[in-house]
There are 2 protein chains.
Amino acid sequence: MQIILLSGGEGKRLFPLSNSVRSKQFLRVLGAPGGGRESMLQRVTRQIGRLLPGSSVTIATGAAQREMILGQLGGGVRIVAEPERRDTFPAIALAAMYLSLELGCPRGETVVVMPCDQYADDGYFRTVERMCRAVEDNAAELVLMGIRPTYASTKFGYVVPKDGAPGREVCAVERFTEKPGLQRARELMEQGALWNGGVFAFRLGYMTDIAERYVRAESFDKVRARYGEFPKISFDYEVAEKAASVAVVPFSGEWKDLGTWNTLTEQLPERIEGRAIMDDESLGTHILNELDIPVVCLGVRDLVVAAGSDGILVCDRSASERIKDFAGAVADPQPRFEERLWGTVRVLDRVPAEGGGETVTRRLTVRAGAELSCRTAVRRVWTVAAGCGTLAAEGSVRTLSAAETISLEPHRTYRLDAISEMTLLEIETPMPGGGGTRTERV
Amino acid sequence: MQIILLSGGEGKRLFPLSNSVRSKQFLRVLGAPGGGRESMLQRVTRQIGRLLPGSSVTIATGAAQREMILGQLGGGVRIVAEPERRDTFPAIALAAMYLSLELGCPRGETVVVMPCDQYADDGYFRTVERMCRAVEDNAAELVLMGIRPTYASTKFGYVVPKDGAPGREVCAVERFTEKPGLQRARELMEQGALWNGGVFAFRLGYMTDIAERYVRAESFDKVRARYGEFPKISFDYEVAEKAASVAVVPFSGEWKDLGTWNTLTEQLPERIEGRAIMDDESLGTHILNELDIPVVCLGVRDLVVAAGSDGILVCDRSASERIKDFAGAVADPQPRFEERLWGTVRVLDRVPAEGGGETVTRRLTVRAGAELSCRTAVRRVWTVAAGCGTLAAEGSVRTLSAAETISLEPHRTYRLDAISEMTLLEIETPMPGGGGTRTERV
């Protein structure tokens, strides 16, 4: 079984801890089995490994999230990165073409597409197994998971099974409906309709045939190069609603879309994460603080307080649906925190320069054994705050250890190999007029 | 008339914007006549200049606040700094000895002592004038201001005039009472008692006689050197309660102790200061943000949200009395923001070093024309983000302009003269074992 995990998202609804690079599935806030913290992406891949042991995972994502994924899951994971952001249909089509053309998977192999940012119990993965069996039994050309509604939600699309058929393991689908109004949602729930959770199963050939209506090429690289020829359309519209036969496999267990602070904080193991204090009069409140400075909450009710490099949020739980619009209006376009393959980058300060550009101060954390390469058009000065490593420039190698300061010249390539975990302070200065740089002593 | 302005305070109640160096009277949050912002200290000295034109101001403070005061009021102000923190009696005694021994003021000159952290209207200063006339008329050896209570407060001490005497301009004082319980406060208010606002007037000789019971010397420097011989006691206990004759001059205008966020925010000209956004559903809330990253408040009620280099506060208005205890428990002992004579210092980051000490990253803003001298036992690297100046080291002088990086070696003295306003990024590294330092290029 091939699993295509979809990793996307703009990262605005969980401002300020998520941003355009670190969207919600990357936040390490859920309790992990060992007692630490894990992200939704780490949780879902851990669950797949345990509950679907014969499966093989490919992550369909955008280029911006590539390093984040590698940093969280390690180098062994397979990633198909869209050359540009389009929609779910092109992303799934590209991943299917990868399975076919690059991995040589047969047309008859079962493929499951699932989002990586949902919080579900083990039964969810057993339902995925049942979906695969339904595909193998040729129950329909497209099989999807129908989540048994727990309330009349207006936030999800619904799947209406034929004849209501509530008890059966696999039911034919009569039709899909878009997000309904509240009254319509109640009627749908009474009729036995299920939420469309975005989990789909099909044979690989079914999907590559649809993909090839838009792009047909003899190699994956050529398909990828023509990615812009796929229409910007969702999988639901392009595939699910046009399918000749669709079946649904119901699932009734724990399933949550942790897309807002209100729903996400319900899953947090502690009321406080990070450096913070709350008095006994504060009720129903969560604090998540990624900054080094303390957060103090006194006498507050039903709030989510989140502080990170990109901003500070103070939000009533009931208002957390509205964050997206406000965060978009106020946040910097350039995120201030990023996880990379080699470690993390945090912007500490930005000062605009008179001649254009800006002076940026960053704290870099480089994992022991990791390698960081850089070459820029601007000058950077590194000061080592902790750890040691070797720095190679064109033709020369030297060690770099705590309290040392070094100037990286523009247009040269440097490679840092961290021996122990390193903390570097980087100051990047713009180059007005492209003139020379100096590092001098008095 | 000589005015002694008392400037003290621990700066915990207005966490995180105030700290042990920048206590509440220095926060530039009040609306200034020109449309900008001014601090309580700037406001009170502006009011004195306008309403008490014949007076001469001396500020009694601790050594830690000296630069802050000079930075806010300019070089022309007279400061008497305690060599160590004691209490209000020693601080006032020292300032009185300064007036006598250093300035040569006569024994008969009228002295007014007033706090610098209170928010009052013009009538307050006209009351000070009346207090001076009462001293000149020998109404009593000590004359104090009695503030007409607007509610039965348990936070202030009370002054009980003889015979209630509500209408008279100057009344004899029968007794003082400490902060009462609520029931007692109601009774005191009914009896015509007044709040003790900490404003006192007397003839200079009256105070120097009391001071000389503890320290008698022929020069101010010698008095100051023996400052530890003054008892640690408040002016109320040592002087007011022992005085043979005390008179009170009532004041009925606007007077506020802006000592908590709840009271201070009532005087703010805007609901939002700094980079922040609030939705229309947020009511009764103030945001004060000194950080560069945005604050977003959604759906909140009756909160004070304050963010600065020392931390983040989210506090229900009614809980703002409790901040002191929590801030003390969580804040760093070393403040992260300071105003200096030459500009401001903001700590951006701290990384503990393996061999002890820490690497500290700071942003320094140096005013145009200002001079900054430094000599430390650690190494500092400066990068100029904006502006230019000249840097003099022992025997050499050079210019320093944007995008330049320079290493300041330990145990050498440097002097920076800013030609235009400069922004510097400073990285201070500890010196394990006192070894040498390097600044190299690869």
# chains A, B, ... in the order shown; residues from 1 in each chain; ligands from 1
>>> interface_residues(of="chain B", to="chain A", cutoff="8 Å", atoms="only C-alpha atoms", output="ChimeraX atom specification")
/B:276-277,292-300,309-316,318-320,322-323,326-327,330-331,348-349,351-354,358-359,383,385-386,393,396,398,402-408,427,429-431,437-442
>>> residues_around(residues="Ala96 of chain A", least_positions_apart="3", cutoff="9 Å", atoms="only C-alpha atoms", output="ChimeraX atom specification")
/A:4,91-93,99-101,111,204-205,207-208,211
>>> residues_around(residues="segment 256-260 of chain A", least_positions_apart="4", cutoff="7 Å", atoms="only C-alpha atoms", output="compact mmCIF listing (two decimals) with N, CA, C and O atoms, in the first residue's frame")
# COMPACT_ATOMS: atom_id res chain seq x y z
N ARG A 13 -3.68 30.36 10.76
CA ARG A 13 -4.69 30.17 11.79
C ARG A 13 -4.09 29.88 13.16
O ARG A 13 -4.76 30.02 14.17
N LEU A 14 -2.82 29.44 13.18
CA LEU A 14 -2.16 29.24 14.48
C LEU A 14 -1.05 30.27 14.70
O LEU A 14 -0.05 30.00 15.35
N GLN A 118 -4.28 15.99 10.93
CA GLN A 118 -5.47 15.64 11.69
C GLN A 118 -5.12 14.74 12.85
O GLN A 118 -4.13 14.01 12.83
N TYR A 119 -5.92 14.85 13.88
CA TYR A 119 -5.62 14.18 15.14
C TYR A 119 -6.64 13.05 15.28
O TYR A 119 -7.84 13.32 15.43
N ALA A 120 -6.19 11.80 15.18
CA ALA A 120 -7.14 10.68 15.19
C ALA A 120 -6.60 9.54 16.04
O ALA A 120 -5.40 9.46 16.32
N LEU A 264 -6.87 22.93 19.14
CA LEU A 264 -5.53 22.41 19.40
C LEU A 264 -5.21 22.36 20.89
O LEU A 264 -4.67 21.38 21.39
N SER A 320 -11.02 32.20 18.19
CA SER A 320 -9.81 31.70 17.52
C SER A 320 -10.04 31.41 16.03
O SER A 320 -9.09 31.31 15.28
N GLU A 321 -11.30 31.32 15.62
CA GLU A 321 -11.58 31.17 14.17
C GLU A 321 -11.19 32.42 13.39
O GLU A 321 -11.00 32.37 12.19
>>> residues_around(residues="Gly181 of chain A", least_positions_apart="4", cutoff="10 Å", atoms="only C-alpha atoms", output="compact mmCIF listing (two decimals) with all heavy atoms, in the first residue's frame")
# COMPACT_ATOMS: atom_id res chain seq x y z
N ALA A 152 -23.64 18.88 14.46
CA ALA A 152 -24.02 19.38 13.14
C ALA A 152 -23.05 20.48 12.71
O ALA A 152 -23.35 21.67 12.79
CB ALA A 152 -25.46 19.90 13.17
N SER A 153 -21.86 20.07 12.25
CA SER A 153 -20.83 21.04 11.91
C SER A 153 -21.11 21.72 10.57
O SER A 153 -21.58 21.09 9.62
CB SER A 153 -19.48 20.35 11.83
OG SER A 153 -18.51 21.23 11.31
N THR A 154 -20.81 23.00 10.52
CA THR A 154 -20.91 23.74 9.25
C THR A 154 -19.54 23.94 8.62
O THR A 154 -19.38 24.68 7.65
CB THR A 154 -21.56 25.12 9.50
OG1 THR A 154 -20.75 25.82 10.45
CG2 THR A 154 -22.96 24.98 10.07
N LYS A 155 -18.51 23.29 9.22
CA LYS A 155 -17.15 23.50 8.74
C LYS A 155 -16.66 22.41 7.78
O LYS A 155 -15.59 22.55 7.20
CB LYS A 155 -16.18 23.57 9.93
CG LYS A 155 -16.35 24.82 10.76
CD LYS A 155 -15.23 24.93 11.79
CE LYS A 155 -15.22 23.73 12.73
NZ LYS A 155 -14.16 23.79 13.75
N ALA A 185 -27.12 21.15 7.98
CA ALA A 185 -26.18 20.22 8.63
C ALA A 185 -26.94 19.26 9.54
O ALA A 185 -26.65 18.07 9.60
CB ALA A 185 -25.13 21.00 9.42
N ARG A 186 -27.95 19.79 10.26
CA ARG A 186 -28.77 18.94 11.14
C ARG A 186 -29.52 17.88 10.33
O ARG A 186 -29.57 16.71 10.70
CB ARG A 186 -29.77 19.81 11.91
CG ARG A 186 -29.12 20.61 13.02
CD ARG A 186 -30.15 21.12 14.02
NE ARG A 186 -29.52 22.08 14.92
CZ ARG A 186 -29.82 23.38 14.99
NH1 ARG A 186 -30.77 23.88 14.22
NH2 ARG A 186 -29.20 24.16 15.84
>>> residues_around(residues="segment 199-201 of chain B", least_positions_apart="2", cutoff="6 Å", atoms="only C-alpha atoms", output="VMD selection string")
chain B and resid 111 to 114 143 to 145 197
>>> select_by_dssp(residues="segment 219-335 of chain A", states="strand (DSSP E)", output="PyMOL selection string")
chain A and resi 246-251+255-257+272-273+276-278+286-289+295-298+303-308+311-316
>>> residues_around(residues="segment 364-371 of chain A", least_positions_apart="3", cutoff="7 Å", atoms="only C-alpha atoms", output="mmCIF file with N, CA and C atoms, in the first residue's frame")
data_model
loop_
_atom_site.group_PDB
_atom_site.id
_atom_site.type_symbol
_atom_site.label_atom_id
_atom_site.label_comp_id
_atom_site.auth_asym_id
_atom_site.auth_seq_id
_atom_site.Cartn_x
_atom_site.Cartn_y
_atom_site.Cartn_z
ATOM 1 N N TRP A 342 19.307 21.233 9.200
ATOM 2 C CA TRP A 342 20.474 21.246 10.085
ATOM 3 C C TRP A 342 20.164 21.824 11.464
ATOM 4 N N GLY A 343 18.988 22.425 11.658
ATOM 5 C CA GLY A 343 18.690 23.030 12.967
ATOM 6 C C GLY A 343 17.620 24.094 12.848
ATOM 7 N N THR A 344 17.756 25.159 13.607
ATOM 8 C CA THR A 344 16.730 26.205 13.594
ATOM 9 C C THR A 344 17.350 27.596 13.399
ATOM 10 N N VAL A 345 16.553 28.507 12.853
ATOM 11 C CA VAL A 345 16.945 29.910 12.695
ATOM 12 C C VAL A 345 15.883 30.773 13.363
ATOM 13 N N ARG A 346 16.298 31.692 14.199
ATOM 14 C CA ARG A 346 15.367 32.607 14.840
ATOM 15 C C ARG A 346 15.855 34.030 14.607
ATOM 16 N N ARG A 415 31.068 26.080 4.286
ATOM 17 C CA ARG A 415 30.383 24.910 4.807
ATOM 18 C C ARG A 415 30.787 24.708 6.259
ATOM 19 N N LEU A 416 29.789 24.685 7.124
ATOM 20 C CA LEU A 416 30.039 24.462 8.546
ATOM 21 C C LEU A 416 29.645 23.043 8.897
ATOM 22 N N ASP A 417 30.560 22.292 9.520
ATOM 23 C CA ASP A 417 30.234 20.968 10.062
ATOM 24 C C ASP A 417 30.272 21.071 11.571
ATOM 25 N N ALA A 418 29.105 20.902 12.195
ATOM 26 C CA ALA A 418 29.036 21.033 13.658
ATOM 27 C C ALA A 418 29.516 19.739 14.310
ATOM 28 N N ILE A 419 30.508 19.853 15.169
ATOM 29 C CA ILE A 419 31.002 18.662 15.894
ATOM 30 C C ILE A 419 30.083 18.426 17.086
ATOM 31 N N SER A 420 29.884 19.448 17.903
ATOM 32 C CA SER A 420 28.852 19.390 18.949
ATOM 33 C C SER A 420 27.753 20.367 18.526
ATOM 34 N N GLU A 421 26.632 20.351 19.238
ATOM 35 C CA GLU A 421 25.563 21.295 18.892
ATOM 36 C C GLU A 421 26.092 22.720 19.028
ATOM 37 N N MET A 422 25.879 23.531 18.016
ATOM 38 C CA MET A 422 26.416 24.890 18.018
ATOM 39 C C MET A 422 25.289 25.925 18.076
ATOM 40 N N THR A 423 25.535 26.991 18.821
ATOM 41 C CA THR A 423 24.667 28.163 18.775
ATOM 42 C C THR A 423 25.485 29.307 18.207
ATOM 43 N N LEU A 424 25.000 29.869 17.111
ATOM 44 C CA LEU A 424 25.711 30.963 16.441
ATOM 45 C C LEU A 424 24.848 32.206 16.456
ATOM 46 N N LEU A 425 25.463 33.350 16.652
ATOM 47 C CA LEU A 425 24.758 34.611 16.463
ATOM 48 C C LEU A 425 25.237 35.186 15.142
#
>>> select_by_dssp(residues="segment 208-385 of chain A", states="helix (DSSP H, G or I)", output="number ranges by chain")
A: 208-212, 220-225, 227-229, 235-238, 240-242, 261-265, 317-330
>>> atom_distance(atom1="atom CA of Gly62 of chain A", atom2="atom CA of Glu82 of chain A")
4.9 Å
>>> residues_around(residues="segment 247-253 of chain A", least_positions_apart="4", cutoff="7 Å", atoms="only C-alpha atoms", output="list in words")
Asp121, Gly123, Tyr124, Thr127, Met131, Ala139, Ala140, Leu142, Val143, Leu144, Met145, Gly146, Ile147, Arg148, Glu169, Val170, Cys171, Ala172 and Val173 of chain A
>>> write_last_selection(atoms="N, CA, C and O atoms", output="compact mmCIF listing (two decimals), in the first residue's frame")
# COMPACT_ATOMS: atom_id res chain seq x y z
N ASP A 121 -7.50 8.65 16.43
CA ASP A 121 -7.08 7.50 17.23
C ASP A 121 -6.71 6.34 16.31
O ASP A 121 -6.76 6.45 15.08
N GLY A 123 -8.21 3.67 15.52
CA GLY A 123 -9.28 3.17 14.66
C GLY A 123 -9.28 3.81 13.28
O GLY A 123 -9.69 3.20 12.29
N TYR A 124 -8.81 5.03 13.20
CA TYR A 124 -8.70 5.77 11.94
C TYR A 124 -7.82 5.00 10.96
O TYR A 124 -8.13 4.85 9.79
N THR A 127 -9.44 1.90 9.80
CA THR A 127 -10.42 2.26 8.75
C THR A 127 -9.71 2.40 7.41
O THR A 127 -10.24 2.01 6.36
N MET A 131 -10.50 0.57 3.92
CA MET A 131 -10.63 1.26 2.63
C MET A 131 -9.80 0.55 1.56
O MET A 131 -10.22 0.41 0.41
N ALA A 139 -14.85 -2.38 -4.83
CA ALA A 139 -16.12 -1.83 -4.36
C ALA A 139 -16.48 -0.56 -5.13
O ALA A 139 -17.65 -0.29 -5.36
N ALA A 140 -15.48 0.20 -5.54
CA ALA A 140 -15.69 1.42 -6.32
C ALA A 140 -14.33 1.86 -6.85
O ALA A 140 -13.29 1.39 -6.38
N LEU A 142 -13.24 4.85 -6.51
CA LEU A 142 -12.73 5.77 -5.48
C LEU A 142 -13.42 5.42 -4.16
O LEU A 142 -14.65 5.31 -4.10
N VAL A 143 -12.62 5.23 -3.13
CA VAL A 143 -13.17 4.90 -1.81
C VAL A 143 -12.73 6.00 -0.85
O VAL A 143 -11.56 6.38 -0.84
N LEU A 144 -13.67 6.52 -0.07
CA LEU A 144 -13.25 7.56 0.85
C LEU A 144 -13.71 7.27 2.27
O LEU A 144 -14.56 6.41 2.49
N MET A 145 -13.08 7.95 3.20
CA MET A 145 -13.43 7.74 4.60
C MET A 145 -14.55 8.73 4.95
O MET A 145 -14.47 9.91 4.61
N GLY A 146 -15.60 8.22 5.61
CA GLY A 146 -16.68 9.09 6.07
C GLY A 146 -16.64 9.13 7.59
O GLY A 146 -16.74 8.10 8.25
N ILE A 147 -16.46 10.31 8.13
CA ILE A 147 -16.34 10.42 9.58
C ILE A 147 -17.71 10.66 10.18
O ILE A 147 -18.42 11.58 9.78
N ARG A 148 -18.10 9.79 11.11
CA ARG A 148 -19.42 9.87 11.73
C ARG A 148 -19.51 11.20 12.49
O ARG A 148 -18.72 11.44 13.41
N GLU A 169 -20.15 -1.84 6.41
CA GLU A 169 -18.73 -1.44 6.47
C GLU A 169 -18.34 -0.60 5.26
O GLU A 169 -17.51 0.30 5.36
N VAL A 170 -18.92 -0.88 4.11
CA VAL A 170 -18.66 -0.11 2.89
C VAL A 170 -20.00 0.24 2.27
O VAL A 170 -20.84 -0.65 2.08
N CYS A 171 -20.23 1.50 1.97
CA CYS A 171 -21.50 1.90 1.38
C CYS A 171 -21.22 2.67 0.10
O CYS A 171 -20.24 3.41 0.01
N ALA A 172 -22.12 2.55 -0.86
CA ALA A 172 -22.03 3.38 -2.06
C ALA A 172 -22.38 4.81 -1.69
O ALA A 172 -23.17 5.05 -0.77
N VAL A 173 -21.77 5.76 -2.39
CA VAL A 173 -22.02 7.18 -2.10
C VAL A 173 -23.06 7.71 -3.08
O VAL A 173 -22.95 7.48 -4.28
